[in-house]
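Structure first, then comments.
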Amino acid sequence: MNNTSGMEALTDTEKRIATHYFSGFERAHDTYNAISAASDGKIYYALSSDNHEIGGQMYVYDPASDSIRFLGDLTTICGEQDLKAIPQGKSHVRFYERNGKLYFSTHVGFYQLIDGMDRLPETAPEGYQLYPGGHFLSYDLETGTFQDLAKVPGGEGMVSMTMDKDRGHLYGITWPHGNFIHYDLDKNELKSLGPISHDGEAGTPGDDFRSLCRSLFVDARNGDVYFSVAEGDIFTYNPETELLRKLENVDLRLDYFGKYDPTRPGSMSYNWRKIFWHPTENVAYGIHGNSGYLFRFDPKAETIEIVERITSSPSRKSGMFDQFSYGYLGFQLGPDQETIYYLTGGPIYENGKRLKGEVQIAKGAAKGLENLHLVTYHLPTNTYTDHGPIFYGDGERPTYVNSIAVGADGSVYSLARFNHEGKVIQDLIKIPNPFK
C-alpha cells in the first residue's frame, strides 16, 4: 500500500499507539468537532458535560511543553454562571481563526429522554431554568480574553457552524428545530432564516423528523455558504442577497451512499457528514458518513464526483458500513493543503468472524465495538493509505472519536474515550505523525 511521503505505512495488523491526557475535568463526556490547531502552534479544544449543574470546559494544549491549560467554563464565558439554568454543556463545532481570534459556538449537553429519544429539555431539573440558548463566542489568542458575540434565539443550541473568515460572517444550524442562523461580525447583527429541514430533530419519527446537517462550508470566491438536508438536497445562501435556495442540478441521493428513509432517526440519511472548502482547487471535499465515500463537490458547476471509499482497509474488504450510526466527524485537510486526514472505524474480528453490533439505533452512537483507524488520502496523487488501528499503551481502544486536528509537526489530535481512575471519560489524545 502506498503513502504520500515514501515512508512505509503500517499493515492492517500493526498498531499505532496514542497517548491520552487528563485535562482535569472528571465529568468530561463525548465531544464532537470541538478541537482545532491555531496559528500559535497550540491545540484548542472543549470538553463536554452532560450534567445540568456544570457546563463544558475549554482548554489549550501546548505541544512545545507537552502541557494543558484551562481556559474557561462555557457557561461562565457566556455570562450565565448565576442564571441557574441548564448550562452551556458543549461546543459542537470547530474553532475558526480570524485576525488573531478563534470563533466558535455553544450547544446544550443535558438532554431529556422523551418518547425514547434524547430531546431538548421541556422540563428543567428542580431549581433550574430551561436552556437559554447557545452563543457565538470569540477567544483572543494574544490576550486570552473571551467575547460573547450573540445569543441564539428560541432557546436552541448550535449543532453546526462555519465561518467566512474573509468577510466576517458566521453561519450555523440550530438544534433541535434546525433554524439557519447568520451572524455578521462587523454589523453585530444576527438573523434567523427559519427551519431548513421540516422540524429537524425535534420532529416526530416517520413524519416531520429530519437529521440535521453537521457541517457547512463557504465558497471563498463569493461568500456563498452551503449545507445539505436529510433528503439529499443541497442548499446555498448568499449574505448580500439574503437568498436561501436549493440547487436544482445536483443532490446527494447517490446509489453508492445507500438507501435511507429521511423521516427516521438513526442515521444522517443522505446528508454529508463533514465537508471543507479546498482553497486552491476551488471545490469542496466531503465525506458521506455511513458509506464512507469521499466526494468532490463543485458548487459552480453543480456537480458531485465520487473520489474513493476512504473507510479503513478492513472495512473496505468487508463491504459493510461501520459501527458509528452517523459516520465520523474526524475529517480534515492537513497543513500541506494536499492530504486529507480521516479518523474512522474498522471492524474487529474474533476467531475469524466479524463482530456485529445492533442493526438499528435511534441516535448518533456506536452500534458496537470497533477499532479506530487513521486514513490519509493524498489528493495530487490520489493515494489512499490506512495507517493501521490505533490503541493506547495499555492495549485499550480509543472509542467515540468524532473530531480531529493536525498539528504543525504532523501529530494528529482528537478527543476520545478512555478509562481514568476507574471511570470512562473523554479527553485529548495524541497520535504520532503517521508519516514518521
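Residues in the C-alpha cells are numbered from 1 in each chain, the chains being A, B, ... in the order shown, and ligands are numbered from 1 in the order shown.
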
**OP:** Pull the strand (DSSP E) assignments for segment 337-420 of chain A out of DSSP run on the backbone, and list those residues as an NGL selection string.
**Re:** :A and (339-346 or 349-350 or 353-354 or 371-378 or 383-392 or 405-406 or 412-420)

Determine, using only C-alpha atoms, which residues of segment 121-235 of chain A have any atom at most 12 Å from an atom of segment 59-74 of chain A, and tabulate each with its shortest atom pair and distance in Å to one decimal place, rows ordered by chain and then rising number, as a tab-separated table.
```
residue	atom	partner	partner_atom	distance
A:Gly134	CA	A:Leu74	CA	10.1
A:His135	CA	A:Leu74	CA	9.5
A:Phe136	CA	A:Leu74	CA	11.0
A:Leu137	CA	A:Leu74	CA	9.5
A:Ser138	CA	A:Leu74	CA	11.5
A:Tyr139	CA	A:Leu71	CA	9.6
A:Asp140	CA	A:Leu71	CA	11.3
A:Leu141	CA	A:Val60	CA	10.6
A:Thr143	CA	A:Leu71	CA	11.7
A:Gly144	CA	A:Leu71	CA	8.0
A:Thr145	CA	A:Leu71	CA	9.1
A:Phe146	CA	A:Gly72	CA	8.9
A:Gln147	CA	A:Leu74	CA	11.4
A:Asp148	CA	A:Leu74	CA	10.4
```

Atoms to include: N, CA and C atoms. Write the selected residues as an mmCIF file, in the first residue's frame.
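Produced file result-v2.cif, reproduced below:
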```cif
data_model
loop_
_atom_site.group_PDB
_atom_site.id
_atom_site.type_symbol
_atom_site.label_atom_id
_atom_site.label_comp_id
_atom_site.auth_asym_id
_atom_site.auth_seq_id
_atom_site.Cartn_x
_atom_site.Cartn_y
_atom_site.Cartn_z
ATOM 1 N N GLY A 134 -27.829 28.767 22.747
ATOM 2 C CA GLY A 134 -26.395 28.811 22.501
ATOM 3 C C GLY A 134 -25.893 30.209 22.193
ATOM 4 N N HIS A 135 -24.570 30.357 22.176
ATOM 5 C CA HIS A 135 -23.930 31.650 21.944
ATOM 6 C C HIS A 135 -22.852 31.516 20.874
ATOM 7 N N PHE A 136 -22.631 32.595 20.136
ATOM 8 C CA PHE A 136 -21.426 32.767 19.337
ATOM 9 C C PHE A 136 -20.392 33.456 20.221
ATOM 10 N N LEU A 137 -19.162 32.920 20.236
ATOM 11 C CA LEU A 137 -18.112 33.433 21.101
ATOM 12 C C LEU A 137 -16.825 33.623 20.315
ATOM 13 N N SER A 138 -15.937 34.453 20.876
ATOM 14 C CA SER A 138 -14.587 34.563 20.327
ATOM 15 C C SER A 138 -13.581 34.492 21.464
ATOM 16 N N TYR A 139 -12.368 34.065 21.119
ATOM 17 C CA TYR A 139 -11.268 33.979 22.082
ATOM 18 C C TYR A 139 -10.048 34.633 21.463
ATOM 19 N N ASP A 140 -9.482 35.616 22.140
ATOM 20 C CA ASP A 140 -8.320 36.347 21.650
ATOM 21 C C ASP A 140 -7.052 35.570 21.999
ATOM 22 N N LEU A 141 -6.310 35.144 20.989
ATOM 23 C CA LEU A 141 -5.121 34.324 21.213
ATOM 24 C C LEU A 141 -4.025 35.077 21.955
ATOM 25 N N THR A 143 -4.447 38.014 24.086
ATOM 26 C CA THR A 143 -4.816 38.490 25.424
ATOM 27 C C THR A 143 -5.466 37.417 26.295
ATOM 28 N N GLY A 144 -5.949 36.347 25.676
ATOM 29 C CA GLY A 144 -6.609 35.297 26.434
ATOM 30 C C GLY A 144 -7.993 35.661 26.919
ATOM 31 N N THR A 145 -8.619 36.636 26.283
ATOM 32 C CA THR A 145 -9.949 37.075 26.711
ATOM 33 C C THR A 145 -11.029 36.557 25.760
ATOM 34 N N PHE A 146 -12.181 36.288 26.341
ATOM 35 C CA PHE A 146 -13.343 35.848 25.580
ATOM 36 C C PHE A 146 -14.282 37.015 25.337
ATOM 37 N N GLN A 147 -15.062 36.929 24.270
ATOM 38 C CA GLN A 147 -16.114 37.901 23.999
ATOM 39 C C GLN A 147 -17.385 37.158 23.626
ATOM 40 N N ASP A 148 -18.482 37.513 24.285
ATOM 41 C CA ASP A 148 -19.794 36.958 23.970
ATOM 42 C C ASP A 148 -20.382 37.807 22.849
#
```

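Between Pro87 of chain A and the residues A:Tyr400, A:Tyr111, A:Tyr349, A:Phe104, the shortest atom-to-atom distance, using only C-alpha atoms, involves A:Tyr111.
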
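Straight-line separation from atom CA of Gly407 of chain A to atom CA of Gly56 of chain A: 23.3 Å.
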
Original post:
So how far away is atom CA of Arg214 of chain A from atom CA of Thr31 of chain A, in Å?
Top reply: 13.3 Å

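Closest approach to His387 of chain A from the set A:His107, A:Lys436, A:Lys300, A:Arg94 is made by A:Lys436, with distances taken over only C-alpha atoms.
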
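DSSP, applied to the backbone of this structure, assigns helix (DSSP H, G or I) to the following residues of segment 63-260 of chain A: Leu74, Thr75, Thr76, Ile77, Pro153, Gly154, Gly155, Gly200, Glu201, Ala202, Asp255, Tyr256 and Phe257 of chain A.
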
Would you mind exporting N, CA and C atoms of the selected residues as a PDB file, in the first residue's frame?
```
ATOM      1  N   LEU A  74     -17.693  27.161  29.768  1.00  0.00           N
ATOM      2  CA  LEU A  74     -18.500  27.748  28.699  1.00  0.00           C
ATOM      3  C   LEU A  74     -19.676  28.561  29.242  1.00  0.00           C
ATOM      4  N   THR A  75     -20.295  28.110  30.319  1.00  0.00           N
ATOM      5  CA  THR A  75     -21.418  28.844  30.900  1.00  0.00           C
ATOM      6  C   THR A  75     -20.958  30.176  31.459  1.00  0.00           C
ATOM      7  N   THR A  76     -19.819  30.168  32.122  1.00  0.00           N
ATOM      8  CA  THR A  76     -19.263  31.410  32.671  1.00  0.00           C
ATOM      9  C   THR A  76     -18.857  32.363  31.561  1.00  0.00           C
ATOM     10  N   ILE A  77     -18.257  31.827  30.499  1.00  0.00           N
ATOM     11  CA  ILE A  77     -17.861  32.656  29.364  1.00  0.00           C
ATOM     12  C   ILE A  77     -19.073  33.374  28.771  1.00  0.00           C
ATOM     13  N   PRO A 153     -31.506  32.643  19.189  1.00  0.00           N
ATOM     14  CA  PRO A 153     -32.893  32.798  19.642  1.00  0.00           C
ATOM     15  C   PRO A 153     -33.606  31.460  19.813  1.00  0.00           C
ATOM     16  N   GLY A 154     -34.665  31.482  20.606  1.00  0.00           N
ATOM     17  CA  GLY A 154     -35.531  30.314  20.734  1.00  0.00           C
ATOM     18  C   GLY A 154     -35.046  29.235  21.675  1.00  0.00           C
ATOM     19  N   GLY A 155     -34.006  29.514  22.461  1.00  0.00           N
ATOM     20  CA  GLY A 155     -33.523  28.522  23.415  1.00  0.00           C
ATOM     21  C   GLY A 155     -32.942  27.275  22.772  1.00  0.00           C
ATOM     22  N   GLY A 200     -36.741  19.295  11.854  1.00  0.00           N
ATOM     23  CA  GLY A 200     -35.422  18.881  12.311  1.00  0.00           C
ATOM     24  C   GLY A 200     -35.489  17.675  13.225  1.00  0.00           C
ATOM     25  N   GLU A 201     -34.618  17.670  14.227  1.00  0.00           N
ATOM     26  CA  GLU A 201     -34.561  16.549  15.160  1.00  0.00           C
ATOM     27  C   GLU A 201     -35.515  16.720  16.341  1.00  0.00           C
ATOM     28  N   ALA A 202     -36.372  17.741  16.247  1.00  0.00           N
ATOM     29  CA  ALA A 202     -37.476  17.876  17.189  1.00  0.00           C
ATOM     30  C   ALA A 202     -38.728  17.203  16.660  1.00  0.00           C
ATOM     31  N   ASP A 255     -26.599   6.217  -5.359  1.00  0.00           N
ATOM     32  CA  ASP A 255     -26.720   4.802  -5.014  1.00  0.00           C
ATOM     33  C   ASP A 255     -25.583   4.340  -4.110  1.00  0.00           C
ATOM     34  N   TYR A 256     -24.383   4.843  -4.347  1.00  0.00           N
ATOM     35  CA  TYR A 256     -23.230   4.414  -3.562  1.00  0.00           C
ATOM     36  C   TYR A 256     -23.376   4.768  -2.083  1.00  0.00           C
ATOM     37  N   PHE A 257     -24.150   5.787  -1.773  1.00  0.00           N
ATOM     38  CA  PHE A 257     -24.299   6.216  -0.385  1.00  0.00           C
ATOM     39  C   PHE A 257     -25.269   5.337   0.399  1.00  0.00           C
TER      40      PHE A 257
END
```

Write out as JSON lines the residues of segment 232-321 of chain A that have any atom within 8 Å of an atom of segment 375-384 of chain A, one row each with the nearest atom pair and its distance in Å to one decimal, counting only C-alpha atoms, sorted by chain and then rising number.
```
{"residue": "A:Ile310", "atom": "CA", "partner": "A:Val375", "partner_atom": "CA", "distance": 7.0}
{"residue": "A:Thr311", "atom": "CA", "partner": "A:Val375", "partner_atom": "CA", "distance": 7.5}
{"residue": "A:Ser312", "atom": "CA", "partner": "A:Val375", "partner_atom": "CA", "distance": 6.6}
```

Original post:
Can you list, as an NGL selection string, every protein, DNA or RNA residue that comes within 9 Å of Pro125 of chain A when you count only C-alpha atoms, leaving out same-chain residues fewer than 3 positions away?
Top reply: :A and (52 or 85-86 or 128-130)

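Closest approach to Pro398 of chain A from the set A:Gly334, A:Gly194, A:Gly410, A:Gly345 is made by A:Gly345, with distances taken over only C-alpha atoms.
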
Polymer residues at most 7 Å from Gly89 of chain A, only C-alpha atoms, same-chain spacing of 4 or more positions, as a CSV table (one decimal) with C-alpha atoms, in the first residue's frame:
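Written file, selection-v3.csv:
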```csv
chain,number,residue,atom,x,y,z
A,48,SER,CA,-18.5,18.4,27.0
A,49,SER,CA,-20.7,17.9,30.1
A,50,ASP,CA,-24.0,16.0,30.1
A,55,GLY,CA,-21.1,23.3,31.7
A,56,GLY,CA,-18.5,22.3,29.2
A,107,HIS,CA,-24.6,23.9,22.5
A,108,VAL,CA,-26.7,22.1,25.1
A,109,GLY,CA,-25.3,19.0,26.7
A,110,PHE,CA,-28.0,17.9,29.1
```

Subject >> Gap from atom CA of Arg119 of chain A to atom CA of Gly289 of chain A - Å, one decimal >> reply: 22.3 Å

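All residues of protein, DNA or RNA that reach within 10 Å of Arg221 of chain A, judged by only C-alpha atoms and not counting those fewer than 6 positions away in the chain, are Asp166, Pro279 and Asn282 of chain A.
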
Give me a file of those residues, with C-alpha atoms, as a PDB file, in the first residue's frame.
```
ATOM      1  CA  ASP A 166     -12.595  36.800   4.634  1.00  0.00           C
ATOM      2  CA  PRO A 279      -8.626  26.846  -1.178  1.00  0.00           C
ATOM      3  CA  ASN A 282     -11.939  25.808  -5.613  1.00  0.00           C
TER       4      ASN A 282
END
```

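If you measure from each of A:Gln337, A:Asn419, A:Asn351, A:Gln57 to Trp277 of chain A using only C-alpha atoms, the closest one turns out to be A:Gln337.
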
Original post:
If we count only C-alpha atoms, what is near Val218 of chain A at a cut-off of 8 Å, once residues fewer than 6 positions away on the same chain are taken out, given as JSON, numbers by chain?
Top reply: {"A": [162, 163, 164, 224, 225, 226, 277]}
